[in-house]
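K.L.:
One structure follows; several queries about it will come next.
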Amino acid sequence: MSLLAFLWSLGAYCTQTLFDGFFLERVGASALPQAYFVTAVAACGIAALLWSLFKRFAPITVLSTALGVMAVCCGVGAILFAGGYGSQMGVWVWMASKVATSVLVIVLSTCFWACCDRVYGLSDATRLYGLFNAAVFAGDMVGGGLISVGLSTLHIAGILVITALSLVAAFLFLKGQMARWPDHRIVPAADESHPLARGSFWKRVIASPFTLTLIMGYMLVQLLCIVTQYNYMARFGDHFQNTEGELTAFLGQCTFFISFVNIFVNLFVYSRVVQRLGINNVILACPIFFVATFIGWSISELMLVAICGLIAVKGFSETIDENNFNVLVNAVPTQLKEQIRITGSVFEPFGMLVSSLVLMVAAEHSHWLGLVVACATLSVMVLLRTSLRRARTAGRPVAAQ
């Protein structure tokens with residue numbers, strides 16, 4: 001599973017970083033709200049499709065299909081850019097590439113963790129999910145290093161060939177491993193008592209204070225990440241204006257070093273911090289860092305503050321918050337795991353949709369907007385912490401709250 005995580009993340013995140021950089025260089029940060037809006041609409045539609053597919057097919061089947069689709073897209077893109085057609089298609093090709101890669105990353109991440117939930121139980125998850133997260137960041141790190149070092153010689157086409165091969169390798173590896181897993185771990189749940197079939201999923205969510213606060217909190221986290229990304233991308237765009245490939249290479253370098261730290265945190269730090277401080281305290285770390293970052297942004301426009309914003313999104317959010325969410329999702333009943341996981345996949349596009357609409361109107365005040373959202377996120381996380389403590393005090397599991 002760690003090898004699978006490394007292969008798909010190398011192909012997916014490398015491609016996403018590549019087109020994020022070229023989008024800023026060729027289109028500009030002013031078009032980011034429009035890109036977020038299109039991505040959000042597409043991702044919400046894909047999330048609805050996943051919801052339907054998970055009722056009929058196992059997550060492993062959906063994951064293998066998604067791997068094949070993204071591999072084909074990277075292969076076609078490599079052919080177009082190698083022939084010189086990609087750059088001749090105008091601005092819309094960069095918009096389409098950014099949207100497509102962002103949506104496919106959401107799909108692959110959702111399906112991968114849904115597979116993990118199906119194959120592993122709670123006891124295994126507490127031991128292994130940190131390792132899987134580290135493997136994901138290892139793929140992201142190698143992809144960032146590949147862009148930073150190889151973009152000048154391989155160009156876009158060469159990078160896309162490598163990512164396509166990585167995704168094909170992940171597809172073949174997954175197909176080979178499926179034969180080794182017991183059928184009850186990979187077949188879809190066709191029981192009529194399944195909450196999706198009864199339509200009682202959202203009733204259970206509304207009836208559970210903990211689950212409802214969890215969903216609200218992580219939806220705000222995704223909204224906060226998009227607003228933060230807009231701010232640091234705009235600052236990077238201003239700093240690297242009138243350059244060719246420098247911004248993309250810089251993003252690759254940042255991705256490499258941040259992912260390296262993320263691997264170390266996942267393997268050696270996170271579990272020890274949770275054991276010492278408790279998950280109820282660790283969930284406050286990410287929003288506190290975001291609040292501090294936006295306070296710094298309201299005072300100074302230094303590149304260092306923008307880099308702190310990048311660290312907040314690619315480091316704190318994708319490491320600490322992702323691990324927190326994975327741990328808390330595994331506390332829910334088995335029959336609800338996949339639905340909570342799909343609901344989690346809606347957080348990012350929904351946050352992107354809301355933030356894109358707000359940024360289209362209030363882009364000039366994005367620093368203050370981010371500070372307000374960061375404070376709201378911290379407040380909801382405090383409520384989540386209180387709800388978690390009450391559930392434990394009552395002597396009931398979190399999922400039963």
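If you're wondering about the labels, chains in the structure tokens are A, B, ... by order shown, residues count from 1 in each chain, ligands from 1 in order shown.
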Could you produce a table of the residues of region 234-350 of chain A lying within 6 Å of region 366-389 of chain A, with the nearest pair of atoms per residue and their separation in Å rounded to one decimal, using only C-alpha atoms, ordered by chain and increasing residue number, as a tab-separated table?
P.N.:
```
residue	atom	partner	partner_atom	distance
A:Asn280	CA	A:Arg385	CA	5.0
A:Pro287	CA	A:Leu378	CA	5.1
A:Phe290	CA	A:Ala374	CA	6.0
A:Val291	CA	A:Ala374	CA	5.3
A:Phe294	CA	A:Leu371	CA	5.3
```
K.L.:
Can you list, as a PyMOL selection string, every residue of region 7-252 of chain A that DSSP puts in alpha helix (DSSP H)?
P.N.:
chain A and resi 7-26+32-56+59-82+91-119+122-178+183-186+195-198+201-207+209-239+246-252
K.L.:
For Phe171 (chain A), list every protein, DNA or RNA residue within 10 Å, evaluated using only C-alpha atoms, and leave out those in the same chain fewer than 4 positions away; present the list as an MDAnalysis selection string.
P.N.:
chainID A and resid 4 7:8 63:68 71 165:167 175:176
K.L.:
Atoms to include: N, CA, C and O atoms. Write the selected residues as a CSV table (one decimal), in the first residue's frame.
P.N.:
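That gives us part08.csv:
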```
chain,number,residue,atom,x,y,z
A,4,LEU,N,2.1,1.7,-3.5
A,4,LEU,CA,1.0,2.2,-4.3
A,4,LEU,C,0.8,3.8,-4.1
A,4,LEU,O,0.6,4.5,-5.0
A,7,LEU,N,3.6,5.7,-5.9
A,7,LEU,CA,3.5,5.8,-7.3
A,7,LEU,C,2.4,6.7,-7.8
A,7,LEU,O,2.6,7.6,-8.7
A,8,TRP,N,1.2,6.6,-7.2
A,8,TRP,CA,0.1,7.5,-7.7
A,8,TRP,C,0.4,9.0,-7.3
A,8,TRP,O,0.1,9.9,-8.0
A,63,LEU,N,-10.6,3.3,-8.0
A,63,LEU,CA,-9.2,3.8,-7.9
A,63,LEU,C,-8.4,3.4,-9.2
A,63,LEU,O,-7.8,4.2,-9.8
A,64,SER,N,-8.6,2.1,-9.6
A,64,SER,CA,-7.8,1.6,-10.7
A,64,SER,C,-8.3,2.3,-12.0
A,64,SER,O,-7.5,2.7,-12.9
A,65,THR,N,-9.6,2.6,-12.1
A,65,THR,CA,-10.2,3.3,-13.2
A,65,THR,C,-9.6,4.7,-13.3
A,65,THR,O,-9.2,5.3,-14.3
A,66,ALA,N,-9.6,5.4,-12.1
A,66,ALA,CA,-9.1,6.8,-12.0
A,66,ALA,C,-7.6,6.8,-12.4
A,66,ALA,O,-7.2,7.8,-13.1
A,67,LEU,N,-6.8,5.9,-12.0
A,67,LEU,CA,-5.4,5.8,-12.4
A,67,LEU,C,-5.2,5.7,-13.9
A,67,LEU,O,-4.4,6.4,-14.5
A,68,GLY,N,-6.1,4.8,-14.5
A,68,GLY,CA,-6.0,4.7,-15.9
A,68,GLY,C,-6.4,6.0,-16.7
A,68,GLY,O,-5.7,6.3,-17.7
A,71,ALA,N,-3.5,8.5,-16.3
A,71,ALA,CA,-2.4,8.1,-17.1
A,71,ALA,C,-2.6,8.5,-18.6
A,71,ALA,O,-1.7,8.9,-19.2
A,165,LEU,N,4.0,7.2,-16.8
A,165,LEU,CA,4.6,5.9,-16.5
A,165,LEU,C,4.4,5.5,-15.1
A,165,LEU,O,4.1,4.4,-14.7
A,166,SER,N,4.5,6.5,-14.2
A,166,SER,CA,4.3,6.3,-12.8
A,166,SER,C,2.9,5.9,-12.5
A,166,SER,O,2.6,4.9,-11.7
A,167,LEU,N,1.9,6.5,-13.1
A,167,LEU,CA,0.5,6.2,-13.0
A,167,LEU,C,0.2,4.8,-13.6
A,167,LEU,O,-0.6,4.0,-13.0
A,175,LYS,N,-3.7,-3.8,-9.8
A,175,LYS,CA,-4.4,-4.9,-10.4
A,175,LYS,C,-3.8,-6.2,-9.9
A,175,LYS,O,-4.4,-7.2,-9.6
A,176,GLY,N,-2.4,-6.2,-9.7
A,176,GLY,CA,-1.8,-7.4,-9.3
A,176,GLY,C,-2.0,-7.7,-7.8
A,176,GLY,O,-2.2,-8.9,-7.4
```
K.L.:
Considering only C-alpha atoms, can you say which of A:Gly237, A:Gly351, A:Gly11, A:Gly145 comes closest to Leu108 (chain A)?
P.N.:
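Under the stated criterion, the closest residue is A:Gly11.
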K.L.:
Determine the nearest neighbour of Leu267 (chain A) from the options A:Ala78, A:Ala138, A:Ile311, A:Leu304, counting only C-alpha atoms.
P.N.:
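Closest to Leu267 (chain A) of all the choices is A:Ala138.
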K.L.:
Using only C-alpha atoms, which of A:Thr248, A:Gln16, A:Thr255, A:Asn262 sits nearest Glu322 (chain A)?
P.N.:
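Of A:Thr248, A:Gln16, A:Thr255, A:Asn262, the one nearest Glu322 (chain A) is A:Asn262, counting only C-alpha atoms.
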K.L.:
Between A:Ala234, A:Ile147, A:Ala134, A:Ala312, which has the minimum distance to Leu3 (chain A) (counting only C-alpha atoms)?
P.N.:
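Under the stated criterion, the closest residue is A:Ala134.
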K.L.:
In Å, how far is it from CA of Pro59 (chain A) to CA of Phe256 (chain A)?
P.N.:
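Calculated distance between CA of Pro59 (chain A) and CA of Phe256 (chain A) is 29.5 Å.
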K.L.:
Show which residues sit within 9 Å of Ile46 (chain A), as a PyMOL selection string. Count only C-alpha atoms, and ignore same-chain residues fewer than 5 positions away.
P.N.:
chain A and resi 41+51+103+107
K.L.:
How many Å lie between CA of Ser271 (chain A) and CA of Gly130 (chain A), rounded to one decimal?
P.N.:
7.8 Å
K.L.:
Of the residues A:Leu220, A:Val361, A:Met95, A:Val273, which is the one nearest to Gly28 (chain A), using only C-alpha atoms?
P.N.:
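Selected residue with least distance to Gly28 (chain A): A:Met95.
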K.L.:
For each of A:Val72, A:Ala135, A:Val265, A:Val38, take the minimum atom-to-atom distance to Val161 (chain A), counting only C-alpha atoms, then give the residue where this is smallest.
P.N.:
A:Val72
K.L.:
Work out how far CA of Ser102 (chain A) is from CA of Phe350 (chain A), in Å to one decimal.
P.N.:
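Between CA of Phe350 (chain A) and CA of Ser102 (chain A) the gap is 13.4 Å.
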